[in-house]
Structure formats: C-alpha cells, structure tokens
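Colleague: Input final_22.pdb, format and content: PDB, C-alpha atoms.
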```
ATOM      1  CA  MET A  14      51.543-218.963 -48.092
ATOM      2  CA  ASP A  15      53.133-221.965 -46.485
ATOM      3  CA  LEU A  16      51.612-225.384 -46.927
ATOM      4  CA  GLU A  17      50.841-225.988 -43.268
ATOM      5  CA  ASN A  18      48.843-222.764 -43.033
ATOM      6  CA  GLN A  19      46.974-223.600 -46.227
ATOM      7  CA  ALA A  20      45.906-226.872 -44.612
ATOM      8  CA  ARG A  21      44.743-225.042 -41.467
ATOM      9  CA  VAL A  22      42.717-222.523 -43.477
ATOM     10  CA  LYS A  23      41.080-225.303 -45.485
ATOM     11  CA  ASP A  24      40.173-227.277 -42.341
ATOM     12  CA  LEU A  25      38.797-224.224 -40.533
ATOM     13  CA  ALA A  26      36.684-223.139 -43.506
ATOM     14  CA  GLU A  27      35.172-226.639 -43.598
ATOM     15  CA  LYS A  28      34.658-226.750 -39.828
ATOM     16  CA  TYR A  29      33.021-223.336 -39.372
ATOM     17  CA  GLY A  30      31.537-222.822 -42.838
ATOM     18  CA  ALA A  31      33.235-220.571 -45.381
ATOM     19  CA  GLU A  32      30.483-217.959 -45.037
ATOM     20  CA  ASN A  33      31.341-217.475 -41.341
ATOM     21  CA  VAL A  34      35.106-217.066 -41.768
ATOM     22  CA  VAL A  35      36.954-213.822 -42.480
ATOM     23  CA  VAL A  36      40.674-213.821 -43.321
ATOM     24  CA  VAL A  37      42.619-210.751 -42.207
ATOM     25  CA  ILE A  38      46.096-210.269 -43.686
ATOM     26  CA  GLY A  39      48.929-208.213 -42.193
ATOM     27  CA  GLY A  40      51.430-208.552 -45.039
ATOM     28  CA  ALA A  41      54.124-205.901 -45.392
ATOM     29  CA  GLU A  42      53.915-205.539 -49.133
ATOM     30  CA  ALA A  43      51.302-205.599 -51.841
ATOM     31  CA  GLU A  44      52.367-208.531 -53.996
ATOM     32  CA  ALA A  45      52.746-211.031 -51.143
ATOM     33  CA  SER A  46      49.468-209.843 -49.603
ATOM     34  CA  GLY A  47      47.751-210.313 -52.950
ATOM     35  CA  LEU A  48      49.115-213.844 -53.304
ATOM     36  CA  THR A  49      47.830-214.723 -49.848
ATOM     37  CA  ALA A  50      44.428-213.234 -50.674
ATOM     38  CA  GLU A  51      44.340-215.193 -53.922
ATOM     39  CA  THR A  52      45.252-218.430 -52.144
ATOM     40  CA  VAL A  53      42.281-218.214 -49.725
ATOM     41  CA  THR A  54      39.789-217.245 -52.435
ATOM     42  CA  ALA A  55      40.705-218.684 -55.834
ATOM     43  CA  GLY A  56      43.156-221.376 -54.683
ATOM     44  CA  ASP A  57      46.931-221.692 -54.430
ATOM     45  CA  PRO A  58      48.350-219.994 -57.571
ATOM     46  CA  THR A  59      51.562-222.039 -57.270
ATOM     47  CA  TYR A  60      49.616-225.321 -57.228
ATOM     48  CA  ALA A  61      51.916-226.573 -54.476
ATOM     49  CA  GLY A  62      49.680-226.745 -51.426
ATOM     50  CA  PRO A  63      46.419-228.151 -50.081
ATOM     51  CA  LEU A  64      44.490-225.182 -51.536
ATOM     52  CA  ALA A  65      45.611-225.854 -55.128
ATOM     53  CA  GLY A  66      42.425-225.898 -57.189
ATOM     54  CA  VAL A  67      40.287-225.219 -54.088
ATOM     55  CA  GLN A  68      38.185-222.079 -54.486
ATOM     56  CA  LEU A  69      37.210-221.261 -50.918
ATOM     57  CA  GLY A  70      36.035-217.767 -51.885
ATOM     58  CA  LEU A  71      36.589-216.516 -48.327
ATOM     59  CA  SER A  72      36.012-212.925 -47.307
ATOM     60  CA  VAL A  73      39.573-211.546 -47.253
ATOM     61  CA  TRP A  74      40.810-208.161 -46.096
ATOM     62  CA  HIS A  75      44.067-206.449 -45.273
ATOM     63  CA  ILE A  76      44.148-204.914 -41.805
ATOM     64  CA  LEU A  77      44.981-201.544 -43.413
ATOM     65  CA  GLU A  78      41.790-201.337 -45.499
ATOM     66  CA  ASP A  79      39.456-198.506 -44.488
ATOM     67  CA  GLU A  80      36.216-200.522 -44.279
ATOM     68  CA  LEU A  81      37.828-202.933 -41.805
ATOM     69  CA  LYS A  82      39.604-200.198 -39.864
ATOM     70  CA  GLN A  83      36.287-198.432 -39.243
ATOM     71  CA  GLU A  84      35.032-201.425 -37.229
ATOM     72  CA  ILE A  85      38.068-201.586 -34.933
ATOM     73  CA  ASP A  86      38.371-199.710 -31.625
ATOM     74  CA  PRO A  87      40.475-196.665 -32.606
ATOM     75  CA  ALA A  88      42.616-196.902 -29.455
ATOM     76  CA  VAL A  89      43.465-200.541 -30.164
ATOM     77  CA  TYR A  90      44.233-199.772 -33.814
ATOM     78  CA  GLU A  91      46.465-196.912 -32.771
ATOM     79  CA  ASP A  92      48.403-199.163 -30.375
ATOM     80  CA  GLN A  93      48.712-202.183 -32.657
ATOM     81  CA  VAL A  94      48.819-200.974 -36.258
ATOM     82  CA  SER A  95      49.414-197.243 -36.654
ATOM     83  CA  MET A  96      53.206-197.493 -36.568
ATOM     84  CA  MET A  97      53.272-199.931 -39.492
ATOM     85  CA  GLU A  98      50.640-197.894 -41.302
ATOM     86  CA  MET A  99      53.172-195.070 -41.489
ATOM     87  CA  VAL A 100      55.923-197.134 -43.103
ATOM     88  CA  LEU A 101      54.084-199.508 -45.457
ATOM     89  CA  ASP A 102      52.882-198.716 -48.990
ATOM     90  CA  VAL A 103      49.273-198.568 -47.850
ATOM     91  CA  ASP A 104      47.696-197.558 -51.175
ATOM     92  CA  ALA A 105      49.355-200.372 -53.130
ATOM     93  CA  ILE A 106      48.408-202.957 -50.504
ATOM     94  CA  LYS A 107      44.782-201.799 -50.379
ATOM     95  CA  GLN A 108      44.491-201.822 -54.147
ATOM     96  CA  GLU A 109      45.962-205.300 -54.525
ATOM     97  CA  VAL A 110      43.909-207.020 -51.822
ATOM     98  CA  SER A 111      40.624-205.291 -52.712
ATOM     99  CA  SER A 112      41.103-206.221 -56.358
ATOM    100  CA  ILE A 113      41.533-209.907 -55.475
ATOM    101  CA  ARG A 114      38.524-209.773 -53.139
ATOM    102  CA  GLN A 115      36.307-208.240 -55.813
ATOM    103  CA  GLN A 116      37.306-210.926 -58.299
ATOM    104  CA  TYR A 117      37.214-214.040 -56.145
ATOM    105  CA  SER A 118      35.470-213.617 -52.775
ATOM    106  CA  LYS A 119      32.057-215.243 -52.645
ATOM    107  CA  TYR A 120      31.078-213.899 -49.199
TER
ATOM    108  CA  MET B  20      29.570-205.335 -40.778
ATOM    109  CA  ILE B  21      32.596-207.324 -41.868
ATOM    110  CA  LEU B  22      33.879-208.605 -38.529
ATOM    111  CA  ARG B  23      31.125-208.719 -35.902
ATOM    112  CA  GLY B  24      30.220-212.304 -35.006
ATOM    113  CA  LYS B  25      32.673-213.761 -37.536
ATOM    114  CA  LYS B  26      35.450-216.313 -37.094
ATOM    115  CA  VAL B  27      38.755-214.698 -38.043
ATOM    116  CA  ILE B  28      41.880-216.282 -39.467
ATOM    117  CA  ALA B  29      44.718-213.796 -38.888
ATOM    118  CA  LEU B  30      47.591-214.177 -41.347
ATOM    119  CA  GLY B  31      50.091-211.717 -39.923
ATOM    120  CA  ASP B  32      53.572-210.851 -41.097
ATOM    121  CA  ARG B  33      56.609-210.402 -38.908
ATOM    122  CA  ASP B  34      57.740-207.569 -41.189
ATOM    123  CA  GLY B  35      54.289-206.021 -41.421
ATOM    124  CA  VAL B  36      51.416-206.322 -38.974
ATOM    125  CA  PRO B  37      51.932-209.468 -36.834
ATOM    126  CA  GLY B  38      49.185-211.951 -36.000
ATOM    127  CA  GLY B  39      48.905-210.826 -32.378
ATOM    128  CA  ALA B  40      48.208-207.219 -33.419
ATOM    129  CA  ILE B  41      45.501-208.365 -35.849
ATOM    130  CA  ASP B  42      43.964-210.472 -33.041
ATOM    131  CA  GLU B  43      43.615-207.486 -30.730
ATOM    132  CA  CYS B  44      42.077-205.375 -33.474
ATOM    133  CA  VAL B  45      39.457-207.853 -34.659
ATOM    134  CA  LYS B  46      38.472-208.818 -31.111
ATOM    135  CA  SER B  47      37.698-205.143 -30.439
ATOM    136  CA  ALA B  48      35.316-205.302 -33.409
ATOM    137  CA  GLY B  49      33.413-208.309 -32.015
ATOM    138  CA  ALA B  50      35.054-211.149 -33.950
ATOM    139  CA  GLU B  51      36.463-214.419 -32.612
ATOM    140  CA  VAL B  52      39.998-215.425 -33.605
ATOM    141  CA  ILE B  53      40.147-219.111 -34.597
ATOM    142  CA  PHE B  54      43.706-219.159 -35.970
ATOM    143  CA  SER B  55      46.525-216.656 -35.853
ATOM    144  CA  VAL B  56      50.009-216.795 -37.280
ATOM    145  CA  SER B  57      52.838-214.456 -38.207
ATOM    146  CA  GLU B  58      54.323-215.701 -41.437
ATOM    147  CA  CYS B  59      57.586-214.579 -42.852
ATOM    148  CA  PHE B  60      56.644-213.724 -46.423
ATOM    149  CA  VAL B  61      60.213-213.609 -47.716
TER
END
```
Please go through the file and, once you have read it, give me the structure as structure tokens.

Modeller:
Amino acid sequence: MDLENQARVKDLAEKYGAENVVVVIGGAEAEASGLTAETVTAGDPTYAGPLAGVQLGLSVWHILEDELKQEIDPAVYEDQVSMMEMVLDVDAIKQEVSSIRQQYSKY
Amino acid sequence: MILRGKKVIALGDRDGVPGGAIDECVKSAGAEVIFSVSECFV
C-alpha cells in the first residue's frame, strides 16, 4: 500500500474515529489484498510508511466477501463487480482477507 | 450490518475492482465514501 494512501487512512481514522470507518478492498489477488488488510489493521508490515507500528484495527473487507455482498443492491453489484468476480480467485481472496480481519480487526 | 451508516475507505485496484465500482456498491448499502482510490498493486 503506497505511503500517501497510508497517510490518508491514518488521518481519516483519527478524524472520524476508527470504530466508524470500514475499509473495502478491491485487490485482484489474495496476497496483495492480505497485505493491504494487514496494513490497515496491524500496521505496515514493511515498516516503510506512516502506518508502521500503528495498529488501527479497522474493520476491513474485500468487496467479494459474502457478508458484504449481501448488503449491496444486487443490481449495482451485478453492474460493478460481477465481471471481475468471474475472473478472480475469489476463494483465495476471501480466505486471506477474512483471516487477517479475524486476527487483527478490533471493530 | 457492516456498511450502513459507516464511513468507507475504498482501496480499489485497477486490475481488480476499481475504487469507483466499490463506491457505487457501498453507497447502495447506506455507507458514505470518505476516500476512494484505485491503486496499482504491482
């Protein structure tokens, strides 16, 4: 996750309160999605950015996860996401992001 | 409910689901988008 976006996430979590913020990821593959999820919960694993050592513990989800999908208007989801859902490794992505959330999300 | 009434940070991916698509989805679920980006993860 690039350093500028780490700074934005940190500022927004402070401004709105971490308990009110939900991060939704659209990453194309599991490992990168997991690293992003880890960065906004446990801190930057590369120790390079503003979130190094900062455990925001944000609620983090991938847009492909079933619990999130259930809350979205099905017509909108169909228009915006269904094409990518067919080509991405959905099971691996879901497993990776949910695992990080269960370990590190506080909200 | 995960999204209703929440402030959403959308971290999209140009090769996956872009930020704009995430925005439309979460707004339909009653969330407010406070930051949206499409990163290139490569």

Colleague: Could you list, as a PyMOL selection string, every residue within 8 Å of B:Cys44, counting only C-alpha atoms and ignoring same-chain residues fewer than 2 positions away?

Modeller: (chain A and resi 85-86+89-90+93) or (chain B and resi 40-42+46-48)

Colleague: Looking at all atoms listed in the file, which of A:Met14, A:Ala88, A:Ile76, A:Met97 is the one that sits closest to A:Leu48?

Modeller: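 That would be A:Met14, the residue with the smallest distance to A:Leu48.
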
Colleague: Quick one: which residues end up in the PyMOL selection byres ((chain B and resi 22) around 12) for this structure, as JSON, numbers by chain?

Modeller: {"A": [32, 33, 34, 35, 36, 37, 72, 73, 74, 76, 80, 81, 82, 83, 84, 85], "B": [20, 21, 23, 24, 25, 26, 27, 28, 41, 42, 44, 45, 46, 47, 48, 49, 50, 51, 52]}

Colleague: When the PyMOL selection byres ((chain B and resi 57) around 9) is applied to the file above, which residues end up in the set, as a list of chain:residue names?

Modeller: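 So the PyMOL selection byres ((chain B and resi 57) around 9) ends up selecting A:Gly39, B:Ala29, B:Leu30, B:Gly31, B:Asp32, B:Arg33, B:Asp34, B:Val36, B:Pro37, B:Gly38, B:Gly39, B:Ser55, B:Val56, B:Glu58, B:Cys59.
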
Colleague: I want to know what sits within 8 Å of A:Val67, based on only C-alpha atoms, with residues of the same chain fewer than 4 positions away left out; could you give that as a ChimeraX atom specification?

Modeller: /A:55-57,63

Colleague: Under the PyMOL selection byres ((chain A and resi 100) around 12), which residues of this model are included? Write them out as a PyMOL selection string.

Modeller: (chain A and resi 41-42+77+94-99+101-104) or (chain B and resi 34-36)

Colleague: Can you work out the spacing between atom CA of A:Gln116 and atom CA of A:Ala61 in Å, to one decimal?

Modeller: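 Atom CA of A:Ala61 lies 21.7 Å from atom CA of A:Gln116.
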
Colleague: Go through A:Leu64, A:Ile38, A:Ala31, A:Ala26 and flag the residue nearest chain B, using only C-alpha atoms for the distances.

Modeller: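 Of A:Leu64, A:Ile38, A:Ala31, A:Ala26, the one nearest chain B is A:Ile38, counting only C-alpha atoms.
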
Colleague: Which of these residues is nearest to chain B, using all atoms listed in the file: A:Leu71, A:Pro58, A:Ile113, A:Ala65?

Modeller: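 Ranking A:Leu71, A:Pro58, A:Ile113, A:Ala65 by distance to chain B, first place goes to A:Leu71.
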
Colleague: Closest to chain B among A:Thr59, A:Lys28, A:Pro87, A:Gly40, using only C-alpha atoms?

Modeller: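 Under the stated criterion, the closest residue is A:Gly40.
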
Colleague: Separation of atom CA of A:Ser46 and atom CA of A:Asn18, in Å?

Modeller: 14.5 Å

Colleague: Find the distance between atom CA of A:Glu78 and atom CA of A:Glu91 and write it in Å to one decimal.

Modeller: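 Atom CA of A:Glu78 sits 14.3 Å away from atom CA of A:Glu91.
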